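File shown: protein-v1.txt. Contents: compact mmCIF, N, CA and C atoms.
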# COMPACT_ATOMS: atom_id res chain seq x y z
N MET A 1 -7.11 -11.75 1.51
CA MET A 1 -7.58 -10.46 1.96
C MET A 1 -7.88 -9.58 0.76
N ARG A 2 -8.99 -8.94 0.83
CA ARG A 2 -9.42 -8.06 -0.25
C ARG A 2 -8.79 -6.68 -0.11
N LEU A 3 -8.34 -6.15 -1.25
CA LEU A 3 -7.75 -4.81 -1.24
C LEU A 3 -8.79 -3.76 -0.86
N SER A 4 -10.06 -4.04 -1.09
CA SER A 4 -11.10 -3.09 -0.74
C SER A 4 -11.13 -2.81 0.76
N VAL A 5 -10.74 -3.78 1.57
CA VAL A 5 -10.69 -3.59 3.03
C VAL A 5 -9.61 -2.56 3.37
N ILE A 6 -8.46 -2.66 2.71
CA ILE A 6 -7.37 -1.71 2.95
C ILE A 6 -7.75 -0.34 2.40
N LYS A 7 -8.37 -0.33 1.24
CA LYS A 7 -8.82 0.93 0.64
C LYS A 7 -9.78 1.65 1.58
N ASN A 8 -10.74 0.93 2.14
CA ASN A 8 -11.69 1.53 3.08
C ASN A 8 -11.00 2.04 4.33
N ARG A 9 -9.98 1.32 4.79
CA ARG A 9 -9.22 1.77 5.96
C ARG A 9 -8.53 3.10 5.66
N LEU A 10 -7.89 3.20 4.51
CA LEU A 10 -7.22 4.45 4.14
C LEU A 10 -8.22 5.60 3.97
N LYS A 11 -9.39 5.29 3.42
CA LYS A 11 -10.41 6.32 3.23
C LYS A 11 -10.97 6.81 4.56
N SER A 12 -11.05 5.92 5.55
CA SER A 12 -11.68 6.28 6.82
C SER A 12 -10.74 7.04 7.76
N CYS A 13 -9.46 7.05 7.46
CA CYS A 13 -8.48 7.74 8.32
C CYS A 13 -8.01 9.02 7.63
N ASN A 14 -7.51 9.95 8.41
CA ASN A 14 -7.07 11.23 7.90
C ASN A 14 -5.63 11.13 7.39
N THR A 15 -5.47 10.59 6.18
CA THR A 15 -4.13 10.41 5.61
C THR A 15 -3.71 11.58 4.72
N GLY A 16 -4.65 12.41 4.32
CA GLY A 16 -4.35 13.50 3.40
C GLY A 16 -4.44 13.09 1.94
N LEU A 17 -4.79 11.85 1.68
CA LEU A 17 -4.94 11.38 0.30
C LEU A 17 -6.23 11.90 -0.30
N ARG A 18 -6.16 12.37 -1.53
CA ARG A 18 -7.37 12.85 -2.21
C ARG A 18 -7.93 11.81 -3.17
N THR A 19 -7.09 10.87 -3.59
CA THR A 19 -7.51 9.79 -4.47
C THR A 19 -6.99 8.48 -3.88
N ILE A 20 -7.84 7.48 -3.79
CA ILE A 20 -7.44 6.15 -3.35
C ILE A 20 -8.08 5.16 -4.31
N GLY A 21 -7.23 4.39 -5.02
CA GLY A 21 -7.76 3.48 -6.03
C GLY A 21 -6.99 2.18 -6.09
N GLY A 22 -7.24 1.45 -7.15
CA GLY A 22 -6.60 0.16 -7.37
C GLY A 22 -5.76 0.16 -8.62
N ALA A 23 -5.46 -1.04 -9.12
CA ALA A 23 -4.57 -1.19 -10.27
C ALA A 23 -5.12 -0.49 -11.52
N ALA A 24 -6.40 -0.64 -11.80
CA ALA A 24 -6.99 0.00 -12.97
C ALA A 24 -6.92 1.51 -12.86
N ASP A 25 -7.13 2.03 -11.66
CA ASP A 25 -7.04 3.48 -11.44
C ASP A 25 -5.60 3.97 -11.62
N LEU A 26 -4.63 3.16 -11.20
CA LEU A 26 -3.21 3.53 -11.35
C LEU A 26 -2.85 3.65 -12.82
N GLU A 27 -3.27 2.69 -13.61
CA GLU A 27 -2.98 2.73 -15.04
C GLU A 27 -3.56 3.98 -15.67
N ALA A 28 -4.80 4.31 -15.32
CA ALA A 28 -5.44 5.51 -15.86
C ALA A 28 -4.71 6.77 -15.39
N ALA A 29 -4.30 6.79 -14.12
CA ALA A 29 -3.61 7.96 -13.57
C ALA A 29 -2.26 8.19 -14.25
N GLN A 30 -1.56 7.10 -14.58
CA GLN A 30 -0.26 7.24 -15.23
C GLN A 30 -0.39 7.78 -16.66
N LYS A 31 -1.55 7.59 -17.25
CA LYS A 31 -1.79 8.07 -18.62
C LYS A 31 -2.35 9.48 -18.67
N GLY A 32 -2.87 9.96 -17.55
CA GLY A 32 -3.53 11.26 -17.60
C GLY A 32 -3.52 11.97 -16.28
N VAL A 33 -4.60 12.64 -16.00
CA VAL A 33 -4.72 13.48 -14.82
C VAL A 33 -5.09 12.64 -13.61
N VAL A 34 -4.45 12.93 -12.50
CA VAL A 34 -4.79 12.29 -11.24
C VAL A 34 -4.92 13.40 -10.20
N VAL A 35 -5.92 13.29 -9.34
CA VAL A 35 -6.06 14.24 -8.24
C VAL A 35 -5.05 13.84 -7.18
N MET A 36 -4.13 14.74 -6.90
CA MET A 36 -3.03 14.42 -5.99
C MET A 36 -3.23 15.09 -4.63
N PRO A 37 -2.67 14.49 -3.61
CA PRO A 37 -1.93 13.24 -3.62
C PRO A 37 -2.86 12.04 -3.72
N GLY A 38 -2.34 11.00 -4.34
CA GLY A 38 -3.13 9.80 -4.53
C GLY A 38 -2.39 8.55 -4.09
N ALA A 39 -3.15 7.50 -3.83
CA ALA A 39 -2.60 6.19 -3.47
C ALA A 39 -3.33 5.13 -4.28
N PHE A 40 -2.57 4.16 -4.75
CA PHE A 40 -3.12 3.08 -5.56
C PHE A 40 -2.63 1.76 -4.99
N LEU A 41 -3.56 0.86 -4.71
CA LEU A 41 -3.25 -0.39 -4.04
C LEU A 41 -3.07 -1.52 -5.04
N LEU A 42 -2.01 -2.29 -4.84
CA LEU A 42 -1.70 -3.41 -5.72
C LEU A 42 -1.44 -4.65 -4.88
N ASN A 43 -1.92 -5.78 -5.34
CA ASN A 43 -1.58 -7.05 -4.72
C ASN A 43 -0.30 -7.51 -5.39
N LEU A 44 0.82 -7.46 -4.67
CA LEU A 44 2.12 -7.79 -5.25
C LEU A 44 2.44 -9.27 -5.18
N GLY A 45 1.68 -10.03 -4.40
CA GLY A 45 1.91 -11.46 -4.37
C GLY A 45 1.63 -12.07 -3.02
N ASP A 46 1.58 -13.40 -3.04
CA ASP A 46 1.36 -14.19 -1.83
C ASP A 46 2.48 -15.21 -1.72
N ASP A 47 2.98 -15.40 -0.52
CA ASP A 47 3.94 -16.46 -0.23
C ASP A 47 3.28 -17.41 0.74
N ALA A 48 3.29 -18.68 0.42
CA ALA A 48 2.63 -19.67 1.26
C ALA A 48 3.65 -20.42 2.10
N GLY A 49 3.30 -20.60 3.37
CA GLY A 49 4.12 -21.40 4.26
C GLY A 49 3.67 -22.86 4.20
N PRO A 50 4.38 -23.72 4.88
CA PRO A 50 3.99 -25.14 4.87
C PRO A 50 2.68 -25.36 5.62
N ASP A 51 1.99 -26.39 5.24
CA ASP A 51 0.75 -26.80 5.89
C ASP A 51 1.11 -27.30 7.28
N ALA A 52 0.44 -26.76 8.30
CA ALA A 52 0.71 -27.17 9.68
C ALA A 52 0.09 -28.52 10.01
N GLU A 53 -0.71 -29.02 9.10
CA GLU A 53 -1.33 -30.34 9.21
C GLU A 53 -2.04 -30.62 10.53
N PRO A 54 -3.01 -29.78 10.86
CA PRO A 54 -3.81 -30.11 12.04
C PRO A 54 -4.65 -31.35 11.75
N ILE A 55 -5.10 -31.97 12.76
CA ILE A 55 -5.92 -33.18 12.58
C ILE A 55 -7.22 -32.80 11.89
N GLY A 56 -7.48 -33.42 10.74
CA GLY A 56 -8.74 -33.24 10.04
C GLY A 56 -8.86 -32.01 9.18
N GLY A 57 -7.77 -31.30 8.86
CA GLY A 57 -7.91 -30.12 8.01
C GLY A 57 -6.57 -29.54 7.62
N THR A 58 -6.63 -28.30 7.17
CA THR A 58 -5.44 -27.58 6.73
C THR A 58 -5.34 -26.29 7.53
N ASP A 59 -4.13 -25.95 7.90
CA ASP A 59 -3.85 -24.69 8.59
C ASP A 59 -2.55 -24.17 7.99
N GLN A 60 -2.67 -23.30 6.98
CA GLN A 60 -1.51 -22.84 6.25
C GLN A 60 -1.36 -21.33 6.34
N GLN A 61 -0.13 -20.88 6.61
CA GLN A 61 0.16 -19.45 6.68
C GLN A 61 0.34 -18.91 5.26
N ILE A 62 -0.22 -17.73 5.02
CA ILE A 62 -0.04 -17.03 3.75
C ILE A 62 0.41 -15.61 4.08
N VAL A 63 1.52 -15.18 3.47
CA VAL A 63 2.01 -13.82 3.66
C VAL A 63 1.71 -13.06 2.38
N LYS A 64 0.82 -12.09 2.50
CA LYS A 64 0.40 -11.27 1.36
C LYS A 64 1.20 -9.97 1.38
N THR A 65 1.73 -9.58 0.21
CA THR A 65 2.44 -8.32 0.07
C THR A 65 1.58 -7.36 -0.74
N ILE A 66 1.34 -6.21 -0.15
CA ILE A 66 0.51 -5.16 -0.74
C ILE A 66 1.40 -3.98 -1.09
N GLY A 67 1.26 -3.46 -2.30
CA GLY A 67 1.96 -2.25 -2.69
C GLY A 67 1.03 -1.06 -2.61
N VAL A 68 1.51 0.02 -2.01
CA VAL A 68 0.76 1.27 -1.97
C VAL A 68 1.58 2.28 -2.77
N VAL A 69 1.13 2.55 -4.00
CA VAL A 69 1.83 3.49 -4.88
C VAL A 69 1.30 4.88 -4.59
N LEU A 70 2.19 5.76 -4.19
CA LEU A 70 1.82 7.14 -3.88
C LEU A 70 2.22 8.04 -5.04
N CYS A 71 1.38 9.00 -5.35
CA CYS A 71 1.65 9.97 -6.40
C CYS A 71 1.43 11.37 -5.86
N LEU A 72 2.42 12.24 -6.07
CA LEU A 72 2.25 13.62 -5.65
C LEU A 72 2.98 14.55 -6.60
N ALA A 73 2.60 15.82 -6.57
CA ALA A 73 3.19 16.81 -7.46
C ALA A 73 4.57 17.20 -6.99
N ASN A 74 5.44 17.46 -7.95
CA ASN A 74 6.80 17.90 -7.68
C ASN A 74 7.00 19.24 -8.38
N LYS A 75 6.15 20.23 -8.05
CA LYS A 75 6.17 21.49 -8.79
C LYS A 75 6.47 22.72 -7.93
N ARG A 76 6.59 22.55 -6.62
CA ARG A 76 6.71 23.73 -5.77
C ARG A 76 8.11 24.33 -5.76
N ASP A 77 9.13 23.53 -6.05
CA ASP A 77 10.48 24.07 -6.13
C ASP A 77 11.30 23.27 -7.13
N ALA A 78 12.31 23.91 -7.69
CA ALA A 78 13.09 23.29 -8.77
C ALA A 78 13.86 22.05 -8.32
N GLN A 79 14.28 22.01 -7.06
CA GLN A 79 15.06 20.89 -6.56
C GLN A 79 14.21 19.70 -6.12
N GLY A 80 12.93 19.92 -5.95
CA GLY A 80 12.05 18.84 -5.53
C GLY A 80 12.06 18.57 -4.04
N GLU A 81 12.69 19.45 -3.25
CA GLU A 81 12.78 19.22 -1.81
C GLU A 81 11.41 19.27 -1.14
N ALA A 82 10.54 20.16 -1.58
CA ALA A 82 9.20 20.25 -0.99
C ALA A 82 8.42 18.96 -1.24
N ALA A 83 8.57 18.41 -2.45
CA ALA A 83 7.88 17.15 -2.76
C ALA A 83 8.41 16.02 -1.89
N LEU A 84 9.71 16.01 -1.63
CA LEU A 84 10.27 14.96 -0.77
C LEU A 84 9.75 15.09 0.65
N ASP A 85 9.62 16.33 1.14
CA ASP A 85 9.04 16.53 2.47
C ASP A 85 7.58 16.08 2.49
N ASP A 86 6.83 16.44 1.45
CA ASP A 86 5.43 16.02 1.35
C ASP A 86 5.33 14.50 1.29
N LEU A 87 6.26 13.88 0.55
CA LEU A 87 6.26 12.42 0.44
C LEU A 87 6.47 11.77 1.80
N GLU A 88 7.42 12.28 2.57
CA GLU A 88 7.67 11.69 3.89
C GLU A 88 6.46 11.83 4.81
N ASP A 89 5.80 12.98 4.74
CA ASP A 89 4.58 13.17 5.55
C ASP A 89 3.48 12.20 5.13
N LEU A 90 3.32 12.03 3.83
CA LEU A 90 2.30 11.14 3.30
C LEU A 90 2.62 9.68 3.64
N ARG A 91 3.87 9.30 3.48
CA ARG A 91 4.27 7.93 3.82
C ARG A 91 4.03 7.64 5.30
N LYS A 92 4.34 8.61 6.15
CA LYS A 92 4.11 8.42 7.59
C LYS A 92 2.63 8.26 7.88
N ALA A 93 1.79 9.06 7.24
CA ALA A 93 0.34 8.96 7.47
C ALA A 93 -0.18 7.58 7.05
N VAL A 94 0.31 7.07 5.93
CA VAL A 94 -0.12 5.75 5.47
C VAL A 94 0.41 4.66 6.40
N ARG A 95 1.68 4.76 6.79
CA ARG A 95 2.24 3.77 7.74
C ARG A 95 1.49 3.79 9.06
N ASP A 96 1.21 4.98 9.57
CA ASP A 96 0.48 5.09 10.84
C ASP A 96 -0.91 4.45 10.74
N THR A 97 -1.49 4.50 9.56
CA THR A 97 -2.82 3.93 9.34
C THR A 97 -2.79 2.41 9.20
N LEU A 98 -1.74 1.87 8.57
CA LEU A 98 -1.73 0.45 8.25
C LEU A 98 -0.89 -0.42 9.18
N VAL A 99 0.26 0.07 9.62
CA VAL A 99 1.15 -0.77 10.44
C VAL A 99 0.51 -1.03 11.80
N GLY A 100 0.43 -2.30 12.14
CA GLY A 100 -0.16 -2.71 13.41
C GLY A 100 -1.65 -2.98 13.33
N TRP A 101 -2.27 -2.61 12.24
CA TRP A 101 -3.70 -2.83 12.04
C TRP A 101 -3.95 -4.29 11.70
N VAL A 102 -4.98 -4.87 12.29
CA VAL A 102 -5.36 -6.26 12.03
C VAL A 102 -6.72 -6.24 11.32
N PRO A 103 -6.73 -6.47 10.01
CA PRO A 103 -7.99 -6.43 9.28
C PRO A 103 -8.98 -7.50 9.70
N ASP A 104 -8.50 -8.69 10.06
CA ASP A 104 -9.38 -9.78 10.46
C ASP A 104 -8.67 -10.60 11.53
N ALA A 105 -8.99 -10.34 12.78
CA ALA A 105 -8.30 -11.00 13.89
C ALA A 105 -8.52 -12.51 13.92
N THR A 106 -9.54 -13.00 13.24
CA THR A 106 -9.79 -14.44 13.26
C THR A 106 -8.86 -15.21 12.33
N THR A 107 -8.33 -14.54 11.31
CA THR A 107 -7.46 -15.25 10.36
C THR A 107 -6.18 -14.51 10.03
N GLY A 108 -5.81 -13.52 10.81
CA GLY A 108 -4.61 -12.77 10.44
C GLY A 108 -3.91 -12.12 11.62
N GLU A 109 -2.77 -11.53 11.29
CA GLU A 109 -1.91 -10.85 12.24
C GLU A 109 -1.78 -9.39 11.84
N PRO A 110 -1.15 -8.56 12.66
CA PRO A 110 -1.00 -7.14 12.32
C PRO A 110 -0.19 -6.93 11.04
N MET A 111 -0.56 -5.93 10.30
CA MET A 111 0.16 -5.56 9.08
C MET A 111 1.51 -4.95 9.47
N THR A 112 2.54 -5.21 8.65
CA THR A 112 3.87 -4.67 8.89
C THR A 112 4.36 -3.92 7.66
N PHE A 113 5.31 -3.02 7.87
CA PHE A 113 5.94 -2.28 6.78
C PHE A 113 7.12 -3.10 6.26
N ALA A 114 7.25 -3.20 4.93
CA ALA A 114 8.29 -4.04 4.34
C ALA A 114 9.32 -3.27 3.51
N GLY A 115 9.13 -1.96 3.33
CA GLY A 115 10.09 -1.17 2.57
C GLY A 115 9.42 -0.32 1.52
N GLY A 116 10.22 0.51 0.86
CA GLY A 116 9.68 1.38 -0.17
C GLY A 116 10.76 1.81 -1.13
N ARG A 117 10.32 2.31 -2.30
CA ARG A 117 11.29 2.76 -3.30
C ARG A 117 10.63 3.69 -4.32
N LEU A 118 11.46 4.51 -4.92
CA LEU A 118 11.02 5.40 -5.98
C LEU A 118 10.61 4.58 -7.19
N GLN A 119 9.46 4.91 -7.76
CA GLN A 119 8.99 4.25 -8.97
C GLN A 119 9.27 5.08 -10.22
N ASN A 120 9.04 6.41 -10.10
CA ASN A 120 9.19 7.24 -11.28
C ASN A 120 9.11 8.71 -10.88
N LEU A 121 9.76 9.55 -11.64
CA LEU A 121 9.59 10.99 -11.60
C LEU A 121 9.31 11.36 -13.05
N ASP A 122 8.04 11.58 -13.38
CA ASP A 122 7.66 11.68 -14.79
C ASP A 122 7.77 13.10 -15.34
N LYS A 123 7.56 13.21 -16.64
CA LYS A 123 7.72 14.50 -17.33
C LYS A 123 6.69 15.54 -16.91
N GLU A 124 5.59 15.10 -16.26
CA GLU A 124 4.60 16.04 -15.73
C GLU A 124 4.94 16.48 -14.31
N SER A 125 6.15 16.18 -13.88
CA SER A 125 6.63 16.53 -12.53
C SER A 125 5.80 15.88 -11.44
N ARG A 126 5.45 14.63 -11.66
CA ARG A 126 4.77 13.85 -10.64
C ARG A 126 5.76 12.83 -10.09
N LEU A 127 5.77 12.72 -8.78
CA LEU A 127 6.63 11.77 -8.08
C LEU A 127 5.81 10.54 -7.75
N TRP A 128 6.32 9.35 -8.15
CA TRP A 128 5.63 8.08 -7.89
C TRP A 128 6.52 7.25 -6.98
N TRP A 129 5.97 6.82 -5.87
CA TRP A 129 6.71 6.06 -4.86
C TRP A 129 5.86 4.87 -4.43
N MET A 130 6.49 3.73 -4.19
CA MET A 130 5.72 2.58 -3.71
C MET A 130 6.29 2.07 -2.40
N ASP A 131 5.41 2.00 -1.39
CA ASP A 131 5.71 1.34 -0.14
C ASP A 131 5.06 -0.03 -0.15
N GLU A 132 5.73 -1.00 0.46
CA GLU A 132 5.18 -2.35 0.55
C GLU A 132 4.84 -2.68 1.99
N PHE A 133 3.73 -3.38 2.14
CA PHE A 133 3.25 -3.82 3.45
C PHE A 133 2.98 -5.31 3.36
N ARG A 134 3.18 -5.99 4.47
CA ARG A 134 2.92 -7.43 4.51
C ARG A 134 1.93 -7.74 5.62
N ILE A 135 1.15 -8.76 5.34
CA ILE A 135 0.23 -9.24 6.35
C ILE A 135 0.19 -10.76 6.30
N LYS A 136 0.31 -11.36 7.48
CA LYS A 136 0.21 -12.81 7.59
C LYS A 136 -1.25 -13.17 7.83
N THR A 137 -1.75 -14.07 7.00
CA THR A 137 -3.09 -14.59 7.18
C THR A 137 -2.99 -16.11 7.20
N TYR A 138 -4.07 -16.75 7.49
CA TYR A 138 -4.07 -18.21 7.57
C TYR A 138 -5.23 -18.76 6.79
N TYR A 139 -4.93 -19.77 6.02
CA TYR A 139 -5.99 -20.53 5.36
C TYR A 139 -6.29 -21.72 6.24
N ARG A 140 -7.52 -21.78 6.69
CA ARG A 140 -7.92 -22.88 7.58
C ARG A 140 -9.12 -23.59 6.99
N SER A 141 -9.01 -24.91 6.91
CA SER A 141 -10.15 -25.71 6.44
C SER A 141 -10.37 -26.86 7.41
N ALA A 142 -11.57 -27.35 7.41
CA ALA A 142 -11.90 -28.46 8.32
C ALA A 142 -11.65 -29.78 7.65
When written as structure tokens, how does the structure in this file appear?
Amino acid sequence: MRLSVIKNRLKSCNTGLRTIGGAADLEAAQKGVVVMPGAFLLNLGDDAGPDAEPIGGTDQQIVKTIGVVLCLANKRDAQGEAALDDLEDLRKAVRDTLVGWVPDATTGEPMTFAGGRLQNLDKESRLWWMDEFRIKTYYRSA
């Protein structure tokens, strides 16, 4: 599955994100200015299941893990409570957009939420959080 499909899904829905990019955009954002709130998509890996060995071909399950790194400002209050509230709202918007969505019904299943964690709170008072999503797809050959 291409990350561009997920990126387009996030762009087409009202998530409140002002920037949506990929790994190269994330690296640039961490080094400088990013329009916030932002999301950056990463392919975190694929896990392959056993070949189901259908007659005359291959039918193998692949579980792809996608990371959605969220970045937002933590400047509205000294304790960071407003940023945490904003983070929860943003995470919910992204989950509502992705969980249960089937990018390709012919070769996949609905996307699921797999967890999240704090990545960084940097010196520019930006909060970086990554949620992980999984999607089961199938490699089928004749």
Restricting the calculation to only N, CA and C atoms, which member of A:Gly22, A:Gly108, A:Pro103, A:Gly116 is positioned closest to A:Lys136?
->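 Going through A:Gly22, A:Gly108, A:Pro103, A:Gly116 one by one, the smallest distance to A:Lys136 is for A:Gly108.
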Please measure the separation of atom N of A:Leu44 and atom N of A:Lys75, giving the value in Å to one decimal.
->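 These two atoms are separated by 28.4 Å.
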Spatial neighbours of A:Ser125, max dist 9 Å, only C-alpha atoms, sep filter under 5 positions, as JSON, numbers by chain | {"A": [72, 73, 74, 75]}
So which residues of chain A fall under alpha helix (DSSP H) by DSSP, listed as an MDAnalysis selection string?
-> chainID A and resid 3:12 23:31 81:98
Let me see the file: selected residues, N, CA and C atoms, as a tab-separated table (two decimals), keeping the file's coordinate frame.
chain	number	residue	atom	x	y	z
A	3	LEU	N	-8.34	-6.15	-1.25
A	3	LEU	CA	-7.75	-4.81	-1.24
A	3	LEU	C	-8.79	-3.76	-0.86
A	4	SER	N	-10.06	-4.04	-1.09
A	4	SER	CA	-11.10	-3.09	-0.74
A	4	SER	C	-11.13	-2.81	0.76
A	5	VAL	N	-10.74	-3.78	1.57
A	5	VAL	CA	-10.69	-3.59	3.03
A	5	VAL	C	-9.61	-2.56	3.37
A	6	ILE	N	-8.46	-2.66	2.71
A	6	ILE	CA	-7.37	-1.71	2.95
A	6	ILE	C	-7.75	-0.34	2.40
A	7	LYS	N	-8.37	-0.33	1.24
A	7	LYS	CA	-8.82	0.93	0.64
A	7	LYS	C	-9.78	1.65	1.58
A	8	ASN	N	-10.74	0.93	2.14
A	8	ASN	CA	-11.69	1.53	3.08
A	8	ASN	C	-11.00	2.04	4.33
A	9	ARG	N	-9.98	1.32	4.79
A	9	ARG	CA	-9.22	1.77	5.96
A	9	ARG	C	-8.53	3.10	5.66
A	10	LEU	N	-7.89	3.20	4.51
A	10	LEU	CA	-7.22	4.45	4.14
A	10	LEU	C	-8.22	5.60	3.97
A	11	LYS	N	-9.39	5.29	3.42
A	11	LYS	CA	-10.41	6.32	3.23
A	11	LYS	C	-10.97	6.81	4.56
A	12	SER	N	-11.05	5.92	5.55
A	12	SER	CA	-11.68	6.28	6.82
A	12	SER	C	-10.74	7.04	7.76
A	23	ALA	N	-5.46	-1.04	-9.12
A	23	ALA	CA	-4.57	-1.19	-10.27
A	23	ALA	C	-5.12	-0.49	-11.52
A	24	ALA	N	-6.40	-0.64	-11.80
A	24	ALA	CA	-6.99	0.00	-12.97
A	24	ALA	C	-6.92	1.51	-12.86
A	25	ASP	N	-7.13	2.03	-11.66
A	25	ASP	CA	-7.04	3.48	-11.44
A	25	ASP	C	-5.60	3.97	-11.62
A	26	LEU	N	-4.63	3.16	-11.20
A	26	LEU	CA	-3.21	3.53	-11.35
A	26	LEU	C	-2.85	3.65	-12.82
A	27	GLU	N	-3.27	2.69	-13.61
A	27	GLU	CA	-2.98	2.73	-15.04
A	27	GLU	C	-3.56	3.98	-15.67
A	28	ALA	N	-4.80	4.31	-15.32
A	28	ALA	CA	-5.44	5.51	-15.86
A	28	ALA	C	-4.71	6.77	-15.39
A	29	ALA	N	-4.30	6.79	-14.12
A	29	ALA	CA	-3.61	7.96	-13.57
A	29	ALA	C	-2.26	8.19	-14.25
A	30	GLN	N	-1.56	7.10	-14.58
A	30	GLN	CA	-0.26	7.24	-15.23
A	30	GLN	C	-0.39	7.78	-16.66
A	31	LYS	N	-1.55	7.59	-17.25
A	31	LYS	CA	-1.79	8.07	-18.62
A	31	LYS	C	-2.35	9.48	-18.67
A	81	GLU	N	12.69	19.45	-3.25
A	81	GLU	CA	12.78	19.22	-1.81
A	81	GLU	C	11.41	19.27	-1.14
A	82	ALA	N	10.54	20.16	-1.58
A	82	ALA	CA	9.20	20.25	-0.99
A	82	ALA	C	8.42	18.96	-1.24
A	83	ALA	N	8.57	18.41	-2.45
A	83	ALA	CA	7.88	17.15	-2.76
A	83	ALA	C	8.41	16.02	-1.89
A	84	LEU	N	9.71	16.01	-1.63
A	84	LEU	CA	10.27	14.96	-0.77
A	84	LEU	C	9.75	15.09	0.65
A	85	ASP	N	9.62	16.33	1.14
A	85	ASP	CA	9.04	16.53	2.47
A	85	ASP	C	7.58	16.08	2.49
A	86	ASP	N	6.83	16.44	1.45
A	86	ASP	CA	5.43	16.02	1.35
A	86	ASP	C	5.33	14.50	1.29
A	87	LEU	N	6.26	13.88	0.55
A	87	LEU	CA	6.26	12.42	0.44
A	87	LEU	C	6.47	11.77	1.80
A	88	GLU	N	7.42	12.28	2.57
A	88	GLU	CA	7.67	11.69	3.89
A	88	GLU	C	6.46	11.83	4.81
A	89	ASP	N	5.80	12.98	4.74
A	89	ASP	CA	4.58	13.17	5.55
A	89	ASP	C	3.48	12.20	5.13
A	90	LEU	N	3.32	12.03	3.83
A	90	LEU	CA	2.30	11.14	3.30
A	90	LEU	C	2.62	9.68	3.64
A	91	ARG	N	3.87	9.30	3.48
A	91	ARG	CA	4.27	7.93	3.82
A	91	ARG	C	4.03	7.64	5.30
A	92	LYS	N	4.34	8.61	6.15
A	92	LYS	CA	4.11	8.42	7.59
A	92	LYS	C	2.63	8.26	7.88
A	93	ALA	N	1.79	9.06	7.24
A	93	ALA	CA	0.34	8.96	7.47
A	93	ALA	C	-0.18	7.58	7.05
A	94	VAL	N	0.31	7.07	5.93
A	94	VAL	CA	-0.12	5.75	5.47
A	94	VAL	C	0.41	4.66	6.40
A	95	ARG	N	1.68	4.76	6.79
A	95	ARG	CA	2.24	3.77	7.74
A	95	ARG	C	1.49	3.79	9.06
A	96	ASP	N	1.21	4.98	9.57
A	96	ASP	CA	0.48	5.09	10.84
A	96	ASP	C	-0.91	4.45	10.74
A	97	THR	N	-1.49	4.50	9.56
A	97	THR	CA	-2.82	3.93	9.34
A	97	THR	C	-2.79	2.41	9.20
A	98	LEU	N	-1.74	1.87	8.57
A	98	LEU	CA	-1.73	0.45	8.25
A	98	LEU	C	-0.89	-0.42	9.18
Restricting the calculation to only C-alpha atoms, which member of A:Lys7, A:Thr58, A:Arg126, A:Lys64 is positioned closest to A:Thr19?
->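 Closest to A:Thr19, using only C-alpha atoms: A:Lys7.
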List as a PDB file with N, CA and C atoms, in the coordinates of the input the residues having at least one atom at most 9 Å from position (4.1, -13.6, -0.3) as given in the file, counting only C-alpha atoms.
ATOM      1  N   LEU A  44       0.820  -7.460  -4.670  1.00  0.00           N
ATOM      2  CA  LEU A  44       2.120  -7.790  -5.250  1.00  0.00           C
ATOM      3  C   LEU A  44       2.440  -9.270  -5.180  1.00  0.00           C
ATOM      4  N   GLY A  45       1.680 -10.030  -4.400  1.00  0.00           N
ATOM      5  CA  GLY A  45       1.910 -11.460  -4.370  1.00  0.00           C
ATOM      6  C   GLY A  45       1.630 -12.070  -3.020  1.00  0.00           C
ATOM      7  N   ASP A  46       1.580 -13.400  -3.040  1.00  0.00           N
ATOM      8  CA  ASP A  46       1.360 -14.190  -1.830  1.00  0.00           C
ATOM      9  C   ASP A  46       2.480 -15.210  -1.720  1.00  0.00           C
ATOM     10  N   ASP A  47       2.980 -15.400  -0.520  1.00  0.00           N
ATOM     11  CA  ASP A  47       3.940 -16.460  -0.230  1.00  0.00           C
ATOM     12  C   ASP A  47       3.280 -17.410   0.740  1.00  0.00           C
ATOM     13  N   ALA A  48       3.290 -18.680   0.420  1.00  0.00           N
ATOM     14  CA  ALA A  48       2.630 -19.670   1.260  1.00  0.00           C
ATOM     15  C   ALA A  48       3.650 -20.420   2.100  1.00  0.00           C
ATOM     16  N   ILE A  62      -0.220 -17.730   5.020  1.00  0.00           N
ATOM     17  CA  ILE A  62      -0.040 -17.030   3.750  1.00  0.00           C
ATOM     18  C   ILE A  62       0.410 -15.610   4.080  1.00  0.00           C
ATOM     19  N   VAL A  63       1.520 -15.180   3.470  1.00  0.00           N
ATOM     20  CA  VAL A  63       2.010 -13.820   3.660  1.00  0.00           C
ATOM     21  C   VAL A  63       1.710 -13.060   2.380  1.00  0.00           C
ATOM     22  N   LYS A  64       0.820 -12.090   2.500  1.00  0.00           N
ATOM     23  CA  LYS A  64       0.400 -11.270   1.360  1.00  0.00           C
ATOM     24  C   LYS A  64       1.200  -9.970   1.380  1.00  0.00           C
ATOM     25  N   THR A  65       1.730  -9.580   0.210  1.00  0.00           N
ATOM     26  CA  THR A  65       2.440  -8.320   0.070  1.00  0.00           C
ATOM     27  C   THR A  65       1.580  -7.360  -0.740  1.00  0.00           C
ATOM     28  N   ARG A 134       3.180  -5.990   4.470  1.00  0.00           N
ATOM     29  CA  ARG A 134       2.920  -7.430   4.510  1.00  0.00           C
ATOM     30  C   ARG A 134       1.930  -7.740   5.620  1.00  0.00           C
ATOM     31  N   ILE A 135       1.150  -8.760   5.340  1.00  0.00           N
ATOM     32  CA  ILE A 135       0.230  -9.240   6.350  1.00  0.00           C
ATOM     33  C   ILE A 135       0.190 -10.760   6.300  1.00  0.00           C
ATOM     34  N   LYS A 136       0.310 -11.360   7.480  1.00  0.00           N
ATOM     35  CA  LYS A 136       0.210 -12.810   7.590  1.00  0.00           C
ATOM     36  C   LYS A 136      -1.250 -13.170   7.830  1.00  0.00           C
TER      37      LYS A 136
END
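Straight-line separation from atom C of A:Asn120 to atom C of A:Gln30: 11.2 Å.
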Quote the spacing between atom CA of A:Asp25 and atom CA of A:Leu10 in Å to one decimal place.
->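 About the pair atom CA of A:Asp25 and atom CA of A:Leu10: they are 15.6 Å apart.
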For A:Asn14, which residue out of A:Val94, A:Pro50, A:Leu121, A:Asp104 is the nearest one, using only N, CA and C atoms?
-> A:Val94
